[in-house]
Amino acid sequence: MTTQPPSSQPPAPASDAGVSRQRLARILFQLHLPAIALGFGMGATVPVLPEFALSFGVGPEQASLVFAATMLGGLTASVPIGYLLDKIGRRRILILGPVLTAVSAFLTASAGSFELLLLYRFIGGWGTQMWTLSRLTMIADTSASGSRGRMITSLLGIQHVGTLAGPLAGGLLAVTYGLEVAFVIQGIFALVAMTPGFFAKETMPQGGGRRGGDGGASASAESFSWKALLAHPIPVMFLAQWLGMTARGGIVAGNTVFLYAAYAYEEADPATLGVLSSLMAGAGIPLTLAAGYLMDRFGRKISIVPGLFVLGAGMAFLGVTSFFGLGFGWFIVGFVVMQTMNSLLTGSWQVVGSDLAPPGGRGRFFAVGRTVTQAGFTTNPVVVSVCTALSGFTLALGVVGAAGMLSSAVLAFFVPETNRRSSASGGKS
């Protein structure tokens, strides 16, 4: 007689779990395919951009603005896009992002001046930000806190599959057919990435009885308060994030690190840099996936703190190679160390942000987080440009490397663990 109540309880959670798994599988399918396509297109331009900028007859100080333009586009786009995500939904932005990326890529291939190149790269920053924010918000809408690390890092790990082949293809085709071909490839694959968005279902919470991925009732967009961003530890986390992204901005997609190589070493042609980048992208996939497991199992800091410190030290090491005029082999050593740590850090801040994002305003919360990220990415080429003009690459690489190590210290000592499940299980044991 007492066995009846227990037997009537399990079916509902099991049913809910089944529905949740189906929804997550659908979201992952609709996001992973575009991630591969966009990763391949972006990767194709990685080894080409430094030399493409040089083709306009500019120096290293001006050439770094090519990267700053894209990052500035993402920086200015973050808050408006976050607002739209909470007002008109995630799906429309998910579709429009790749379209704008494709338009930017085709225009870049036909750029007739360095000024137009900067403008088109700025537009591309908007497209990339639309895709990034929409995918992150959809994952936060549909996943529980105990699985967000694996969800987000698996998505970014899958994107590395595209990035794996992209630099090799872009570098070889650029050497054979011209630098512009890489941007045409990027545009075509961005249009491919747009297609699955038409089959995606809207995940924006509609206030009331609908349940979010964290198991709680979803709040409406009107429940979001900007004052929530002032609560501890969010401001300190954003400071650590900005410092960390200032360092990582030099290694994400090559960027200023490849710019340094292009100016410092004759061996660093697009094909060589493409092969190097592809090899590291392939090696980094298991690291990215492992980082997600570690963050869900042992807490978010387990990979972020050491990863940031070693990456910053690797960037500073490149400054040493510049100061002593060390050979290309030493550059490869530093590049391998930084790419390894970058793979370990991929998606880390997005995971931390998903822990703290309020259900009713995830779009705007992620928008602020991405604004901080883009601010760090934008700071990197600006610092490199200014420091290179003042005292060369040694000072530039040393400064951005120090930012990474400082970020590690701030996160380690002043930001508490955000993985509630990890903290709870630790408390029980």
# chains A, B, ... in the order shown; residues from 1 in each chain; ligands from 1
$ residues_around --residues "Ser134 (chain A)" --least-positions-apart "6" --cutoff "8 Å" --atoms "only C-alpha atoms" --output "ChimeraX atom specification"
/A:85,90-91,93-94,363
$ write_last_selection --atoms "C-alpha atoms" --output "mmCIF file, in the first residue's frame"
data_model
loop_
_atom_site.group_PDB
_atom_site.id
_atom_site.type_symbol
_atom_site.label_atom_id
_atom_site.label_comp_id
_atom_site.auth_asym_id
_atom_site.auth_seq_id
_atom_site.Cartn_x
_atom_site.Cartn_y
_atom_site.Cartn_z
ATOM 1 C CA LEU A 85 17.357 38.700 -28.925
ATOM 2 C CA ARG A 90 16.761 34.127 -31.135
ATOM 3 C CA ARG A 91 15.901 32.445 -34.462
ATOM 4 C CA ILE A 93 19.179 36.727 -35.414
ATOM 5 C CA LEU A 94 20.577 33.215 -35.903
ATOM 6 C CA GLY A 363 20.127 38.005 -24.537
#
$ closest_residue --among "A:Ser322, A:Asn380, A:Thr153, A:Thr272" --to "Trp349 (chain A)" --atoms "only C-alpha atoms"
A:Thr153
$ residues_around --residues "Gly41 (chain A)" --least-positions-apart "5" --cutoff "8 Å" --atoms "only C-alpha atoms" --output "ChimeraX atom specification"
/A:162-163,166,182-183,185-190
$ residues_around --residues "region 337-343 of chain A" --least-positions-apart "5" --cutoff "8 Å" --atoms "only C-alpha atoms" --output "compact mmCIF listing (two decimals) with N, CA and C atoms, in the first residue's frame"
# COMPACT_ATOMS: atom_id res chain seq x y z
N ARG A 248 44.16 36.93 -25.24
CA ARG A 248 43.72 35.93 -26.21
C ARG A 248 43.42 36.53 -27.58
N ILE A 251 45.83 35.63 -30.29
CA ILE A 251 46.00 34.26 -30.75
C ILE A 251 44.74 33.71 -31.39
N VAL A 252 43.56 34.24 -31.03
CA VAL A 252 42.31 33.76 -31.63
C VAL A 252 42.33 34.07 -33.12
N MET A 280 47.27 22.87 -35.30
CA MET A 280 46.94 23.21 -33.92
C MET A 280 45.44 23.17 -33.68
N ALA A 281 44.65 23.52 -34.68
CA ALA A 281 43.20 23.43 -34.53
C ALA A 281 42.78 21.99 -34.33
N ALA A 283 44.66 19.49 -33.12
CA ALA A 283 45.12 19.04 -31.81
C ALA A 283 44.30 19.63 -30.68
N GLY A 284 43.69 20.78 -30.92
CA GLY A 284 42.96 21.46 -29.86
C GLY A 284 41.55 20.95 -29.63
N ILE A 285 40.98 20.21 -30.58
CA ILE A 285 39.60 19.74 -30.44
C ILE A 285 39.40 18.89 -29.18
N LEU A 287 41.13 18.87 -26.51
CA LEU A 287 41.35 19.73 -25.33
C LEU A 287 40.11 20.56 -25.01
N THR A 288 39.47 21.10 -26.04
CA THR A 288 38.26 21.89 -25.84
C THR A 288 37.15 21.03 -25.24
N GLY A 307 45.12 28.08 -17.60
CA GLY A 307 45.17 28.35 -19.04
C GLY A 307 45.51 29.79 -19.35
N LEU A 308 44.90 30.73 -18.63
CA LEU A 308 45.17 32.15 -18.85
C LEU A 308 46.61 32.51 -18.51
N VAL A 310 49.36 30.55 -18.44
CA VAL A 310 50.33 30.00 -19.39
C VAL A 310 50.22 30.68 -20.75
N LEU A 311 48.99 31.00 -21.18
CA LEU A 311 48.84 31.71 -22.45
C LEU A 311 49.51 33.08 -22.41
N GLY A 312 49.32 33.81 -21.29
CA GLY A 312 49.98 35.11 -21.15
C GLY A 312 51.48 34.98 -21.14
N GLY A 314 53.15 32.63 -22.62
CA GLY A 314 53.55 32.31 -23.99
C GLY A 314 53.61 33.54 -24.88
N MET A 315 52.66 34.45 -24.68
CA MET A 315 52.68 35.70 -25.44
C MET A 315 53.92 36.52 -25.09
$ residues_around --residues "Val79 (chain A)" --least-positions-apart "3" --cutoff "7 Å" --atoms "only C-alpha atoms" --output "VMD selection string"
chain A and resid 82 to 83 364 367 to 368
$ decode --residues "region 55-68 of chain A" --atoms "all heavy atoms" --output "compact mmCIF listing (two decimals), in the first residue's frame"
# COMPACT_ATOMS: atom_id res chain seq x y z
N SER A 55 49.16 44.14 -48.81
CA SER A 55 49.02 44.43 -50.24
C SER A 55 48.55 45.84 -50.51
O SER A 55 48.65 46.33 -51.64
CB SER A 55 48.06 43.42 -50.88
OG SER A 55 46.73 43.63 -50.43
N PHE A 56 48.03 46.52 -49.49
CA PHE A 56 47.60 47.90 -49.64
C PHE A 56 48.71 48.89 -49.31
O PHE A 56 48.48 50.10 -49.26
CB PHE A 56 46.37 48.18 -48.77
CG PHE A 56 45.12 47.48 -49.23
CD1 PHE A 56 44.77 46.25 -48.71
CD2 PHE A 56 44.31 48.04 -50.21
CE1 PHE A 56 43.63 45.59 -49.14
CE2 PHE A 56 43.17 47.39 -50.65
CZ PHE A 56 42.83 46.16 -50.12
N GLY A 57 49.92 48.37 -49.06
CA GLY A 57 51.08 49.21 -48.84
C GLY A 57 51.13 49.89 -47.49
O GLY A 57 51.73 50.96 -47.35
N VAL A 58 50.52 49.28 -46.46
CA VAL A 58 50.52 49.87 -45.12
C VAL A 58 51.59 49.21 -44.27
O VAL A 58 52.07 48.11 -44.57
CB VAL A 58 49.14 49.73 -44.45
CG1 VAL A 58 48.08 50.46 -45.26
CG2 VAL A 58 48.76 48.26 -44.29
N GLY A 59 51.96 49.85 -43.17
CA GLY A 59 52.93 49.30 -42.24
C GLY A 59 52.25 48.45 -41.19
O GLY A 59 51.02 48.30 -41.17
N PRO A 60 53.03 47.85 -40.27
CA PRO A 60 52.44 46.97 -39.26
C PRO A 60 51.46 47.68 -38.33
O PRO A 60 50.51 47.07 -37.86
CB PRO A 60 53.67 46.45 -38.49
CG PRO A 60 54.76 47.44 -38.77
CD PRO A 60 54.49 47.93 -40.16
N GLU A 61 51.71 48.96 -38.06
CA GLU A 61 50.79 49.70 -37.18
C GLU A 61 49.41 49.80 -37.81
O GLU A 61 48.38 49.59 -37.15
CB GLU A 61 51.33 51.10 -36.89
CG GLU A 61 52.70 51.13 -36.24
CD GLU A 61 53.81 51.09 -37.27
OE1 GLU A 61 53.51 51.00 -38.49
OE2 GLU A 61 55.00 51.13 -36.87
N GLN A 62 49.35 50.11 -39.12
CA GLN A 62 48.06 50.22 -39.79
C GLN A 62 47.45 48.84 -40.06
O GLN A 62 46.23 48.66 -39.98
CB GLN A 62 48.21 50.98 -41.11
CG GLN A 62 48.56 52.44 -40.97
CD GLN A 62 50.06 52.65 -40.76
OE1 GLN A 62 50.86 51.75 -40.99
NE2 GLN A 62 50.42 53.85 -40.31
N ALA A 63 48.29 47.86 -40.38
CA ALA A 63 47.78 46.53 -40.72
C ALA A 63 47.01 45.91 -39.55
O ALA A 63 46.03 45.18 -39.76
CB ALA A 63 48.92 45.62 -41.14
N SER A 64 47.43 46.17 -38.33
CA SER A 64 46.74 45.59 -37.17
C SER A 64 45.32 46.13 -37.04
O SER A 64 44.48 45.51 -36.37
CB SER A 64 47.52 45.89 -35.89
OG SER A 64 47.60 47.29 -35.65
N LEU A 65 45.02 47.25 -37.70
CA LEU A 65 43.67 47.80 -37.64
C LEU A 65 42.66 46.92 -38.38
O LEU A 65 41.46 47.03 -38.16
CB LEU A 65 43.65 49.21 -38.24
CG LEU A 65 44.48 50.26 -37.49
CD1 LEU A 65 44.41 51.61 -38.21
CD2 LEU A 65 43.99 50.41 -36.05
N VAL A 66 43.15 46.05 -39.27
CA VAL A 66 42.25 45.12 -39.95
C VAL A 66 41.56 44.22 -38.92
O VAL A 66 40.37 43.92 -39.03
CB VAL A 66 43.03 44.27 -40.97
CG1 VAL A 66 42.16 43.18 -41.56
CG2 VAL A 66 43.58 45.15 -42.07
N PHE A 67 42.31 43.78 -37.93
CA PHE A 67 41.72 42.96 -36.87
C PHE A 67 40.88 43.81 -35.93
O PHE A 67 39.82 43.39 -35.47
CB PHE A 67 42.83 42.25 -36.10
CG PHE A 67 43.76 41.46 -36.98
CD1 PHE A 67 45.07 41.86 -37.17
CD2 PHE A 67 43.30 40.34 -37.65
CE1 PHE A 67 45.92 41.13 -37.99
CE2 PHE A 67 44.15 39.61 -38.46
CZ PHE A 67 45.47 40.00 -38.64
N ALA A 68 41.36 45.02 -35.64
CA ALA A 68 40.62 45.90 -34.73
C ALA A 68 39.26 46.27 -35.31
O ALA A 68 38.28 46.41 -34.57
CB ALA A 68 41.43 47.17 -34.46
